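Colleague: First the structure, then my questions, so here it is.
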Amino acid sequence: MQGANGEFTLEVPGENSVLVISFVSYVKQEIPVGRNRIFRIILQEDQQLLDELIVVGYGTQKKANLTGAVGTVSADELTTRVMPNTESLLQGRIPGLQITQNSGQPGAENNAIQIRGMGTFSAAGNNPLVLIDGVEGDMNKVNPNMIESVTVLKDAASSAIYGSRAANGVILLTTRNGREGRLNIDFSYNFSLQTPSMKQKRITDSVEFMELMTKAVGHTKDGLGKKDYTYEEIEAYRQGRLTNPDQYPSTDWIDEVTRTAPMHQYFLGVNGGKGGTSYNFGAGVVDQQGVMIKTGFKKYDIQFNMTTNLGGRVTFGTNINFATSDRYEPAVTSGSTPEDIINFNATEDQMLCAYAQSPLFKPYLPDGSGRFSAYAYPDKGGNKNPVAIANNGSKKEFKEYYLLASAFMNVKILEGLQGEVKASVKYNDTQARARTISTIGYAYHPDANGEHNQVSVWNSTDNQLAIRNAKDVQYTFFATLNYKKNIQRLSQPECHAGV
């Protein structure tokens with residue numbers, strides 16, 4: 001129970017219990033119960049939290065002095081859970097930041113990022129501006145172990161610094177710098193398994209499937225054509241599943257196209273410094289198989305940060321992030337141009353084919369020849385064999401090479417006045433290659449001569465190859481002047497200018 005003045009009562013197991021009282025921005029207290037029955041508890045403000053420096057625009061502010069809508073998350077909070085990309089790690093971490101994952105395909109999660117909801121219905125989109133160490137970049141290319149902090153600017157005040165590009169908010173990502181001292185080497189490895197979160201309930205018993213389909217056809221006029229099954233066909237499966245289950249199977253096609261997929265993550269970090277120079281180097285590897293067969297993603301990333309004092313007032317530094325990735329999936333012939341093969345969503349098509357198949361046959365013929373099956377009986381519906389498409393060599397591959405490199409120089413001109421110039425280059429090279437192989441399907445049940453007849457051809461009769469390359473280079477240069485002055489410890493005015 002709670003009263004108007006904050007009184008409340010609790011039932012505790014015994015005298016050895018400990019009361020834990022906490023509130024946002026206040027120091028947590030732990031109070032042993034003992035024999036006491038009445039407690040007067042006053043929480044103290046967390047001064048350390050209020051003195052925390054937050055990256056805001058081109059500078060920093062104490063958290064206690066913030067007036068805009070700003071959210072932050074530290075490196076320790078980010079790395080408490082394991083995810084293959086940085087965007088997904090931010091889910092649920094900052095109020096007002098909404099991240100929706102639109103796909104479970106490795107390397108193609110297609111996250112939608114919104115700050116305080118949707119800002120426009122136009123083609124400009126709702127994605128916020130992402131700055132990495134002050135330069136526009138891709139946060140998924142940065143290893144989470146190399147992140148110092150993430151700050152989200154939510155309100156319109158961010159547009160005063162970054163202009164119209166900040167209309168949907170700004171995400172500021174700061175990477176870790178080295179510290180002078182002894183050499184530190186860190187290594188981490190994580191192994192995890194991924195399984196489909198939910199399987200849709202389907203009829204996978206062949207006899208039950210045939211009986212229900214025949215009953216459904218009986219309730220229609222002519223809409224389903226010849227998709228009903230004869231008594232002899234149903235009885236053949238009823239008896240055959242006991243005497244010859246390979247010829248008369250009950251196949252769950254979702255199990256045929258999905259799997260338990262492993263994910264490996266490696267990270268090696270080296271940092272230290274001496275004589276006014278500090279450095280931080282990190283290298284990471286993500287090797288993730290998809291839960292759908294023949295899908296997967298590999299990424300290699302390197303981050304190098306270095307800062308050195310050139311003589312009292314001048315400091316020089318550099319931030320270099322390089323990443324390369326390789327994503328692969330099956331390829332399906334679609335449309336009339338090579339571009340259509342690359343753009344077509346083959347993984348979605350594979351799942352739809354699996355849902356459309358009947359349980360009356362397996363992906364391969366029962367004769368052990370390794371040939372692919374097309375159907376058990378003709379004119380009974382269904383679609384192309386998704387296992388045949390995946391395992392016959394048809395493949396799409398997306399390779400990406402990414403570089404974000406910047407160098408800066410900071411000069412302390414006078415007491416309280418310092419200037420900084422920064423130049424950077426962002427390079428992105430994406431290569432897409434799709435190869436489709438003509439695939440033949442055979443009737444699952446043999447004819448009177450014991451032969452499995454060829455009845456289908458998928459991915460056209462000709463093999464096809466489509467290639468697409470895209471390159472993007474972006475240069476950035478800016479210079480800033482910052483003046484800060486303490487006035488008798490009463491105030492700390494600050495002036496900032498830049499081009």
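Following the order of the structure tokens, chains are lettered A, B, ..., residues in each are numbered from 1, and ligands are numbered from 1.
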Quick one: residues within 10 Å of A:Ala470, only C-alpha atoms, excluding same-chain residues fewer than 4 positions away - as a ChimeraX atom specification?
Modeller: /A:400,428-432
Colleague: Neighbours of stretch 279-282 of chain A within 7 Å (only C-alpha atoms; same-chain residues fewer than 3 positions away dropped), as number ranges by chain?
Modeller: A: 146, 177-178, 268-273, 302-307
Colleague: Give me a file of those residues, with all heavy atoms, as an mmCIF file, in the first residue's frame.
Modeller:
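Printed below is again07.cif as written:
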data_model
loop_
_atom_site.group_PDB
_atom_site.id
_atom_site.type_symbol
_atom_site.label_atom_id
_atom_site.label_comp_id
_atom_site.auth_asym_id
_atom_site.auth_seq_id
_atom_site.Cartn_x
_atom_site.Cartn_y
_atom_site.Cartn_z
ATOM 1 N N MET A 146 34.084 -1.831 -30.097
ATOM 2 C CA MET A 146 34.891 -0.631 -30.292
ATOM 3 C C MET A 146 34.094 0.644 -30.059
ATOM 4 O O MET A 146 34.567 1.740 -30.335
ATOM 5 C CB MET A 146 35.461 -0.617 -31.712
ATOM 6 C CG MET A 146 36.497 -1.695 -31.971
ATOM 7 S SD MET A 146 37.991 -1.481 -30.967
ATOM 8 C CE MET A 146 38.660 0.030 -31.696
ATOM 9 N N ASN A 177 38.953 5.340 -27.827
ATOM 10 C CA ASN A 177 40.347 5.709 -28.011
ATOM 11 C C ASN A 177 41.219 4.928 -27.036
ATOM 12 O O ASN A 177 40.730 4.397 -26.023
ATOM 13 C CB ASN A 177 40.547 7.216 -27.781
ATOM 14 C CG ASN A 177 39.917 8.042 -28.888
ATOM 15 O OD1 ASN A 177 40.066 7.722 -30.067
ATOM 16 N ND2 ASN A 177 39.200 9.094 -28.522
ATOM 17 N N GLY A 178 42.497 4.865 -27.323
ATOM 18 C CA GLY A 178 43.415 4.181 -26.418
ATOM 19 C C GLY A 178 43.789 5.069 -25.241
ATOM 20 O O GLY A 178 43.489 6.267 -25.211
ATOM 21 N N LEU A 268 39.287 -9.285 -31.378
ATOM 22 C CA LEU A 268 40.627 -9.096 -30.823
ATOM 23 C C LEU A 268 40.892 -7.604 -30.715
ATOM 24 O O LEU A 268 40.755 -6.867 -31.695
ATOM 25 C CB LEU A 268 41.686 -9.742 -31.721
ATOM 26 C CG LEU A 268 43.145 -9.491 -31.341
ATOM 27 C CD1 LEU A 268 43.461 -10.136 -29.987
ATOM 28 C CD2 LEU A 268 44.096 -9.997 -32.414
ATOM 29 N N GLY A 269 41.237 -7.139 -29.509
ATOM 30 C CA GLY A 269 41.521 -5.733 -29.282
ATOM 31 C C GLY A 269 42.896 -5.520 -28.687
ATOM 32 O O GLY A 269 43.331 -6.269 -27.802
ATOM 33 N N VAL A 270 43.590 -4.498 -29.179
ATOM 34 C CA VAL A 270 44.915 -4.142 -28.677
ATOM 35 C C VAL A 270 44.937 -2.632 -28.460
ATOM 36 O O VAL A 270 44.643 -1.873 -29.390
ATOM 37 C CB VAL A 270 46.035 -4.541 -29.659
ATOM 38 C CG1 VAL A 270 47.398 -4.143 -29.105
ATOM 39 C CG2 VAL A 270 45.986 -6.032 -29.958
ATOM 40 N N ASN A 271 45.268 -2.174 -27.252
ATOM 41 C CA ASN A 271 45.315 -0.743 -26.994
ATOM 42 C C ASN A 271 46.391 -0.421 -25.966
ATOM 43 O O ASN A 271 46.810 -1.284 -25.196
ATOM 44 C CB ASN A 271 43.942 -0.231 -26.520
ATOM 45 C CG ASN A 271 43.538 -0.809 -25.174
ATOM 46 O OD1 ASN A 271 43.933 -0.327 -24.127
ATOM 47 N ND2 ASN A 271 42.731 -1.889 -25.206
ATOM 48 N N GLY A 272 46.815 0.825 -26.000
ATOM 49 C CA GLY A 272 47.845 1.283 -25.076
ATOM 50 C C GLY A 272 48.369 2.636 -25.518
ATOM 51 O O GLY A 272 47.723 3.353 -26.290
ATOM 52 N N GLY A 273 49.548 3.023 -25.042
ATOM 53 C CA GLY A 273 50.122 4.304 -25.421
ATOM 54 C C GLY A 273 51.306 4.685 -24.559
ATOM 55 O O GLY A 273 51.528 4.126 -23.476
ATOM 56 N N ILE A 302 37.709 -3.960 -39.130
ATOM 57 C CA ILE A 302 38.922 -3.471 -38.471
ATOM 58 C C ILE A 302 38.694 -2.015 -38.090
ATOM 59 O O ILE A 302 38.172 -1.226 -38.891
ATOM 60 C CB ILE A 302 40.158 -3.591 -39.379
ATOM 61 C CG1 ILE A 302 40.485 -5.062 -39.661
ATOM 62 C CG2 ILE A 302 41.365 -2.889 -38.763
ATOM 63 C CD1 ILE A 302 41.607 -5.246 -40.668
ATOM 64 N N GLN A 303 39.081 -1.646 -36.893
ATOM 65 C CA GLN A 303 39.011 -0.261 -36.428
ATOM 66 C C GLN A 303 40.362 0.119 -35.830
ATOM 67 O O GLN A 303 40.927 -0.622 -35.019
ATOM 68 C CB GLN A 303 37.912 -0.096 -35.370
ATOM 69 C CG GLN A 303 37.792 1.305 -34.798
ATOM 70 C CD GLN A 303 36.969 2.220 -35.669
ATOM 71 O OE1 GLN A 303 35.996 1.783 -36.270
ATOM 72 N NE2 GLN A 303 37.335 3.492 -35.720
ATOM 73 N N PHE A 304 40.881 1.282 -36.245
ATOM 74 C CA PHE A 304 42.151 1.766 -35.694
ATOM 75 C C PHE A 304 41.998 3.242 -35.363
ATOM 76 O O PHE A 304 41.706 4.066 -36.235
ATOM 77 C CB PHE A 304 43.304 1.577 -36.688
ATOM 78 C CG PHE A 304 44.614 2.106 -36.181
ATOM 79 C CD1 PHE A 304 45.284 1.480 -35.161
ATOM 80 C CD2 PHE A 304 45.158 3.261 -36.725
ATOM 81 C CE1 PHE A 304 46.495 1.971 -34.689
ATOM 82 C CE2 PHE A 304 46.362 3.773 -36.263
ATOM 83 C CZ PHE A 304 47.037 3.118 -35.232
ATOM 84 N N ASN A 305 42.169 3.575 -34.096
ATOM 85 C CA ASN A 305 42.132 4.958 -33.615
ATOM 86 C C ASN A 305 43.485 5.307 -33.004
ATOM 87 O O ASN A 305 44.033 4.515 -32.222
ATOM 88 C CB ASN A 305 41.041 5.148 -32.557
ATOM 89 C CG ASN A 305 39.641 4.950 -33.126
ATOM 90 O OD1 ASN A 305 39.450 4.941 -34.340
ATOM 91 N ND2 ASN A 305 38.663 4.795 -32.248
ATOM 92 N N MET A 306 44.007 6.482 -33.357
ATOM 93 C CA MET A 306 45.301 6.913 -32.835
ATOM 94 C C MET A 306 45.275 8.409 -32.583
ATOM 95 O O MET A 306 44.735 9.184 -33.368
ATOM 96 C CB MET A 306 46.409 6.561 -33.830
ATOM 97 C CG MET A 306 47.830 6.847 -33.331
ATOM 98 S SD MET A 306 48.389 8.528 -33.716
ATOM 99 C CE MET A 306 48.485 8.473 -35.502
ATOM 100 N N THR A 307 45.851 8.801 -31.445
ATOM 101 C CA THR A 307 45.974 10.215 -31.098
ATOM 102 C C THR A 307 47.396 10.468 -30.596
ATOM 103 O O THR A 307 47.911 9.687 -29.784
ATOM 104 C CB THR A 307 44.969 10.617 -30.004
ATOM 105 O OG1 THR A 307 43.650 10.322 -30.442
ATOM 106 C CG2 THR A 307 45.059 12.108 -29.705
#
Colleague: Which residues come within 8 Å of A:Asn111, counting only C-alpha atoms, excluding same-chain residues fewer than 4 positions away, as a list of chain:residue names?
Modeller: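 My reading of the contact set: A:Glu87, A:Ser88, A:Ile99, A:Thr100, A:Gln101, A:Asn102, A:Ser103.
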Colleague: Just write the chosen residues, all heavy atoms, as a short mmCIF file (atom, residue, chain, number, x, y, z; two decimals), in the first residue's frame.
Modeller:
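File written: out21.cif
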data_model
loop_
_atom_site.label_atom_id
_atom_site.label_comp_id
_atom_site.auth_asym_id
_atom_site.auth_seq_id
_atom_site.Cartn_x
_atom_site.Cartn_y
_atom_site.Cartn_z
N GLU A 87 22.90 -1.94 -34.96
CA GLU A 87 21.55 -1.39 -34.91
C GLU A 87 20.64 -2.21 -34.01
O GLU A 87 19.89 -1.65 -33.21
CB GLU A 87 20.97 -1.31 -36.33
CG GLU A 87 21.61 -0.27 -37.21
CD GLU A 87 21.03 -0.28 -38.61
OE1 GLU A 87 20.27 -1.21 -38.94
OE2 GLU A 87 21.35 0.64 -39.39
N SER A 88 20.71 -3.51 -34.12
CA SER A 88 19.85 -4.37 -33.30
C SER A 88 20.19 -4.27 -31.83
O SER A 88 19.32 -4.46 -30.96
CB SER A 88 19.95 -5.82 -33.77
OG SER A 88 19.51 -5.97 -35.11
N ILE A 99 13.46 0.79 -33.30
CA ILE A 99 14.17 0.02 -34.32
C ILE A 99 13.35 -1.24 -34.61
O ILE A 99 13.13 -2.06 -33.71
CB ILE A 99 15.59 -0.34 -33.88
CG1 ILE A 99 16.40 0.94 -33.65
CG2 ILE A 99 16.28 -1.22 -34.92
CD1 ILE A 99 17.81 0.70 -33.18
N THR A 100 12.91 -1.38 -35.85
CA THR A 100 12.09 -2.51 -36.25
C THR A 100 12.86 -3.37 -37.24
O THR A 100 13.28 -2.88 -38.29
CB THR A 100 10.77 -2.04 -36.89
OG1 THR A 100 10.09 -1.16 -35.99
CG2 THR A 100 9.87 -3.22 -37.22
N GLN A 101 13.05 -4.63 -36.89
CA GLN A 101 13.74 -5.56 -37.79
C GLN A 101 12.73 -6.16 -38.76
O GLN A 101 11.78 -6.81 -38.35
CB GLN A 101 14.44 -6.66 -36.98
CG GLN A 101 15.23 -7.63 -37.84
CD GLN A 101 16.05 -8.60 -37.01
OE1 GLN A 101 16.64 -8.22 -36.01
NE2 GLN A 101 16.09 -9.85 -37.43
N ASN A 102 12.95 -5.95 -40.06
CA ASN A 102 11.98 -6.36 -41.06
C ASN A 102 12.32 -7.70 -41.71
O ASN A 102 11.56 -8.17 -42.56
CB ASN A 102 11.87 -5.29 -42.15
CG ASN A 102 11.26 -4.01 -41.62
OD1 ASN A 102 10.20 -4.02 -41.00
ND2 ASN A 102 11.94 -2.89 -41.82
N SER A 103 13.43 -8.30 -41.35
CA SER A 103 13.81 -9.58 -41.93
C SER A 103 14.71 -10.32 -40.97
O SER A 103 15.44 -9.70 -40.18
CB SER A 103 14.53 -9.37 -43.27
OG SER A 103 15.08 -10.58 -43.75
#
Colleague: Please, what distance in Å, to one decimal, runs between atom CA of A:Met139 and atom CA of A:Ala331?
Modeller: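 For atom CA of A:Met139 relative to atom CA of A:Ala331, the distance reads 28.5 Å.
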Colleague: Find the residues near stretch 383-388 of chain A: any atom within 7 Å, counting only C-alpha atoms, skip ones fewer than 5 places away on the same chain, and give them as a ChimeraX atom specification.
Modeller: /A:257,350,353-354,356-357,363,372,374,458
Colleague: Based on the backbone DSSP call, show me all residues of stretch 136-348 of chain A assigned strand (DSSP E), as a ChimeraX atom specification.
Modeller: /A:136,147-153,170-175,181-194,261-274,277-289,296-309,314-329
Colleague: Which of these, A:Gln464, A:Ser394, A:Thr277, A:Ser159, has the shortest distance to A:Ala346 once you count only C-alpha atoms?
Modeller: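 The closest residue to A:Ala346 is A:Ser394.
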Colleague: Give me the residues within 12 Å of A:Gln91 as an mmCIF file with all heavy atoms, in the first residue's frame, counting only C-alpha atoms and dropping any in the same chain fewer than 6 places off.
Modeller:
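Just written: result_34.cif:
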data_model
loop_
_atom_site.group_PDB
_atom_site.id
_atom_site.type_symbol
_atom_site.label_atom_id
_atom_site.label_comp_id
_atom_site.auth_asym_id
_atom_site.auth_seq_id
_atom_site.Cartn_x
_atom_site.Cartn_y
_atom_site.Cartn_z
ATOM 1 N N VAL A 73 23.502 5.760 -24.404
ATOM 2 C CA VAL A 73 23.736 4.382 -23.984
ATOM 3 C C VAL A 73 25.238 4.146 -24.018
ATOM 4 O O VAL A 73 25.929 4.584 -24.940
ATOM 5 C CB VAL A 73 22.984 3.392 -24.893
ATOM 6 C CG1 VAL A 73 23.411 3.523 -26.347
ATOM 7 C CG2 VAL A 73 23.199 1.953 -24.429
ATOM 8 N N GLU A 77 26.482 -1.158 -21.594
ATOM 9 C CA GLU A 77 25.087 -1.536 -21.831
ATOM 10 C C GLU A 77 24.915 -2.210 -23.184
ATOM 11 O O GLU A 77 24.113 -3.138 -23.339
ATOM 12 C CB GLU A 77 24.193 -0.296 -21.758
ATOM 13 C CG GLU A 77 24.098 0.335 -20.381
ATOM 14 C CD GLU A 77 23.280 1.605 -20.402
ATOM 15 O OE1 GLU A 77 23.795 2.644 -20.869
ATOM 16 O OE2 GLU A 77 22.109 1.554 -19.972
ATOM 17 N N LEU A 78 25.656 -1.747 -24.192
ATOM 18 C CA LEU A 78 25.524 -2.309 -25.532
ATOM 19 C C LEU A 78 25.947 -3.769 -25.589
ATOM 20 O O LEU A 78 25.314 -4.591 -26.251
ATOM 21 C CB LEU A 78 26.369 -1.508 -26.526
ATOM 22 C CG LEU A 78 25.763 -0.256 -27.144
ATOM 23 C CD1 LEU A 78 26.766 0.379 -28.087
ATOM 24 C CD2 LEU A 78 24.480 -0.590 -27.883
ATOM 25 N N ARG A 81 24.311 -7.996 -24.411
ATOM 26 C CA ARG A 81 23.650 -9.046 -25.180
ATOM 27 C C ARG A 81 24.378 -9.220 -26.508
ATOM 28 O O ARG A 81 25.143 -8.351 -26.922
ATOM 29 C CB ARG A 81 22.170 -8.727 -25.408
ATOM 30 C CG ARG A 81 21.914 -7.396 -26.083
ATOM 31 C CD ARG A 81 20.418 -7.117 -26.151
ATOM 32 N NE ARG A 81 20.128 -5.824 -26.753
ATOM 33 C CZ ARG A 81 18.911 -5.317 -26.849
ATOM 34 N NH1 ARG A 81 17.880 -5.992 -26.391
ATOM 35 N NH2 ARG A 81 18.712 -4.129 -27.400
ATOM 36 N N MET A 83 24.326 -9.706 -30.540
ATOM 37 C CA MET A 83 23.600 -9.520 -31.786
ATOM 38 C C MET A 83 24.614 -9.392 -32.909
ATOM 39 O O MET A 83 25.748 -8.951 -32.693
ATOM 40 C CB MET A 83 22.723 -8.264 -31.731
ATOM 41 C CG MET A 83 21.629 -8.295 -30.671
ATOM 42 S SD MET A 83 20.371 -9.538 -30.970
ATOM 43 C CE MET A 83 19.502 -8.814 -32.341
ATOM 44 N N ASN A 85 24.639 -7.272 -35.397
ATOM 45 C CA ASN A 85 24.857 -5.918 -35.897
ATOM 46 C C ASN A 85 24.555 -4.901 -34.806
ATOM 47 O O ASN A 85 23.820 -5.177 -33.847
ATOM 48 C CB ASN A 85 24.015 -5.650 -37.149
ATOM 49 C CG ASN A 85 22.533 -5.743 -36.877
ATOM 50 O OD1 ASN A 85 21.934 -4.842 -36.312
ATOM 51 N ND2 ASN A 85 21.918 -6.845 -37.291
ATOM 52 N N LEU A 97 13.631 5.931 -29.328
ATOM 53 C CA LEU A 97 14.328 5.348 -30.470
ATOM 54 C C LEU A 97 13.678 4.003 -30.793
ATOM 55 O O LEU A 97 13.746 3.064 -29.997
ATOM 56 C CB LEU A 97 15.814 5.162 -30.171
ATOM 57 C CG LEU A 97 16.647 4.494 -31.278
ATOM 58 C CD1 LEU A 97 16.658 5.353 -32.538
ATOM 59 C CD2 LEU A 97 18.067 4.222 -30.797
ATOM 60 N N GLN A 98 13.059 3.926 -31.942
ATOM 61 C CA GLN A 98 12.345 2.716 -32.349
ATOM 62 C C GLN A 98 13.091 2.048 -33.499
ATOM 63 O O GLN A 98 13.311 2.657 -34.541
ATOM 64 C CB GLN A 98 10.914 3.049 -32.780
ATOM 65 C CG GLN A 98 10.112 1.851 -33.238
ATOM 66 C CD GLN A 98 8.727 2.221 -33.702
ATOM 67 O OE1 GLN A 98 8.292 3.367 -33.581
ATOM 68 N NE2 GLN A 98 8.013 1.262 -34.254
ATOM 69 N N ILE A 99 13.463 0.793 -33.299
ATOM 70 C CA ILE A 99 14.168 0.020 -34.321
ATOM 71 C C ILE A 99 13.353 -1.239 -34.606
ATOM 72 O O ILE A 99 13.130 -2.056 -33.709
ATOM 73 C CB ILE A 99 15.591 -0.343 -33.878
ATOM 74 C CG1 ILE A 99 16.404 0.937 -33.648
ATOM 75 C CG2 ILE A 99 16.279 -1.221 -34.917
ATOM 76 C CD1 ILE A 99 17.814 0.701 -33.177
ATOM 77 N N THR A 100 12.914 -1.381 -35.846
ATOM 78 C CA THR A 100 12.087 -2.514 -36.251
ATOM 79 C C THR A 100 12.859 -3.371 -37.236
ATOM 80 O O THR A 100 13.278 -2.881 -38.285
ATOM 81 C CB THR A 100 10.772 -2.038 -36.889
ATOM 82 O OG1 THR A 100 10.094 -1.159 -35.992
ATOM 83 C CG2 THR A 100 9.872 -3.220 -37.221
ATOM 84 N N GLN A 101 13.049 -4.634 -36.894
ATOM 85 C CA GLN A 101 13.743 -5.558 -37.789
ATOM 86 C C GLN A 101 12.733 -6.159 -38.756
ATOM 87 O O GLN A 101 11.785 -6.815 -38.351
ATOM 88 C CB GLN A 101 14.440 -6.660 -36.983
ATOM 89 C CG GLN A 101 15.235 -7.629 -37.842
ATOM 90 C CD GLN A 101 16.050 -8.598 -37.013
ATOM 91 O OE1 GLN A 101 16.644 -8.225 -36.011
ATOM 92 N NE2 GLN A 101 16.086 -9.851 -37.426
ATOM 93 N N ASN A 111 16.731 -3.111 -41.008
ATOM 94 C CA ASN A 111 16.149 -2.417 -39.862
ATOM 95 C C ASN A 111 15.607 -1.050 -40.259
ATOM 96 O O ASN A 111 16.256 -0.307 -41.001
ATOM 97 C CB ASN A 111 17.201 -2.241 -38.763
ATOM 98 C CG ASN A 111 17.591 -3.550 -38.127
ATOM 99 O OD1 ASN A 111 16.747 -4.407 -37.898
ATOM 100 N ND2 ASN A 111 18.873 -3.721 -37.827
ATOM 101 N N ALA A 112 14.425 -0.737 -39.758
ATOM 102 C CA ALA A 112 13.842 0.598 -39.912
ATOM 103 C C ALA A 112 14.058 1.363 -38.609
ATOM 104 O O ALA A 112 13.646 0.897 -37.539
ATOM 105 C CB ALA A 112 12.366 0.506 -40.250
ATOM 106 N N ILE A 113 14.718 2.527 -38.688
ATOM 107 C CA ILE A 113 15.046 3.316 -37.498
ATOM 108 C C ILE A 113 14.217 4.594 -37.504
ATOM 109 O O ILE A 113 14.223 5.347 -38.484
ATOM 110 C CB ILE A 113 16.545 3.665 -37.461
ATOM 111 C CG1 ILE A 113 17.386 2.393 -37.565
ATOM 112 C CG2 ILE A 113 16.888 4.429 -36.193
ATOM 113 C CD1 ILE A 113 18.871 2.652 -37.619
ATOM 114 N N GLN A 114 13.510 4.835 -36.421
ATOM 115 C CA GLN A 114 12.719 6.055 -36.271
ATOM 116 C C GLN A 114 12.967 6.643 -34.889
ATOM 117 O O GLN A 114 13.092 5.906 -33.907
ATOM 118 C CB GLN A 114 11.229 5.771 -36.450
ATOM 119 C CG GLN A 114 10.830 5.307 -37.837
ATOM 120 C CD GLN A 114 9.332 5.049 -37.955
ATOM 121 O OE1 GLN A 114 8.589 5.207 -36.997
ATOM 122 N NE2 GLN A 114 8.891 4.646 -39.130
ATOM 123 N N ILE A 115 13.054 7.956 -34.848
ATOM 124 C CA ILE A 115 13.171 8.679 -33.586
ATOM 125 C C ILE A 115 11.889 9.452 -33.371
ATOM 126 O O ILE A 115 11.524 10.301 -34.179
ATOM 127 C CB ILE A 115 14.384 9.621 -33.593
ATOM 128 C CG1 ILE A 115 15.681 8.812 -33.727
ATOM 129 C CG2 ILE A 115 14.421 10.472 -32.327
ATOM 130 C CD1 ILE A 115 16.922 9.653 -33.816
#
Colleague: For A:Thr461, work out the shell of residues within 8 Å, counting only C-alpha atoms and skipping chain neighbours fewer than 2 positions away, then give it as a ChimeraX atom specification.
Modeller: /A:438-439,457-459,463
Colleague: So, counting only C-alpha atoms, which residue among A:Pro378, A:Gly276, A:Pro95, A:Pro144 is closest to A:Glu180?
Modeller: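 Selected residue with least distance to A:Glu180: A:Gly276.
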Colleague: Need to verify the contact set: A:Phe477, 9 Å, only C-alpha atoms, exclusion of same-chain residues closer than 5 positions in sequence. Can you return it as a list of chain:residue names?
Modeller: A:Val421, A:Lys422, A:Ala423, A:Ser424, A:Val425, A:Val499
Colleague: Write a file of the selected residues as a short mmCIF file (atom, residue, chain, number, x, y, z; two decimals), in the first residue's frame, keeping all heavy atoms.
Modeller:
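Saved as result.cif:
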data_model
loop_
_atom_site.label_atom_id
_atom_site.label_comp_id
_atom_site.auth_asym_id
_atom_site.auth_seq_id
_atom_site.Cartn_x
_atom_site.Cartn_y
_atom_site.Cartn_z
N VAL A 421 40.41 21.05 -37.19
CA VAL A 421 40.06 20.77 -38.58
C VAL A 421 40.01 19.25 -38.75
O VAL A 421 40.79 18.52 -38.13
CB VAL A 421 41.08 21.39 -39.56
CG1 VAL A 421 41.01 22.90 -39.51
CG2 VAL A 421 42.50 20.91 -39.27
N LYS A 422 39.07 18.80 -39.57
CA LYS A 422 38.89 17.37 -39.76
C LYS A 422 38.54 17.09 -41.20
O LYS A 422 37.71 17.78 -41.80
CB LYS A 422 37.79 16.83 -38.84
CG LYS A 422 37.73 15.30 -38.77
CD LYS A 422 36.83 14.87 -37.62
CE LYS A 422 37.02 13.39 -37.31
NZ LYS A 422 36.25 12.97 -36.11
N ALA A 423 39.15 16.07 -41.79
CA ALA A 423 38.87 15.66 -43.16
C ALA A 423 38.65 14.16 -43.17
O ALA A 423 39.31 13.42 -42.41
CB ALA A 423 40.02 16.03 -44.09
N SER A 424 37.71 13.71 -44.00
CA SER A 424 37.41 12.28 -44.02
C SER A 424 36.99 11.86 -45.42
O SER A 424 36.61 12.68 -46.26
CB SER A 424 36.29 11.96 -43.03
OG SER A 424 35.06 12.48 -43.49
N VAL A 425 37.04 10.55 -45.65
CA VAL A 425 36.58 9.96 -46.89
C VAL A 425 35.78 8.70 -46.54
O VAL A 425 36.19 7.91 -45.68
CB VAL A 425 37.75 9.63 -47.85
CG1 VAL A 425 38.73 8.69 -47.19
CG2 VAL A 425 37.22 9.02 -49.15
N VAL A 499 32.64 25.66 -39.90
CA VAL A 499 32.29 25.66 -41.33
C VAL A 499 32.47 24.23 -41.87
O VAL A 499 33.24 23.44 -41.32
CB VAL A 499 33.19 26.60 -42.13
CG1 VAL A 499 32.91 28.03 -41.74
CG2 VAL A 499 34.67 26.28 -41.94
#
Colleague: Can you measure atom CA of A:Val291 to atom CA of A:Tyr189 for me? One decimal in Å is fine.
Modeller: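 Spanning atom CA of A:Val291 to atom CA of A:Tyr189 is a straight-line distance of 21.0 Å.
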Colleague: Given only C-alpha atoms as the basis, pick out the residue of A:Gly317, A:Pro84, A:Gly275, A:Pro32 nearest to A:Gly181.
Modeller: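 Closest to A:Gly181, using only C-alpha atoms: A:Gly275.
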Colleague: Quick one: distance from atom CA of A:Ser250 to atom CA of A:Asp205 in Å, one decimal?
Modeller: 5.1 Å
Colleague: Quick one: pick out all alpha helix (DSSP H) residues within stretch 249-405 of chain A from a backbone DSSP run and write them as a PyMOL selection string.
Modeller: chain A and resi 253-257+338-343+346-356+386-391
Colleague: Which is closer to A:Gln289 than all the others in A:Tyr229, A:Phe23, A:Tyr328, A:Tyr483, using only C-alpha atoms?
Modeller: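 The shortest atom-to-atom distance to A:Gln289 comes from A:Tyr328.
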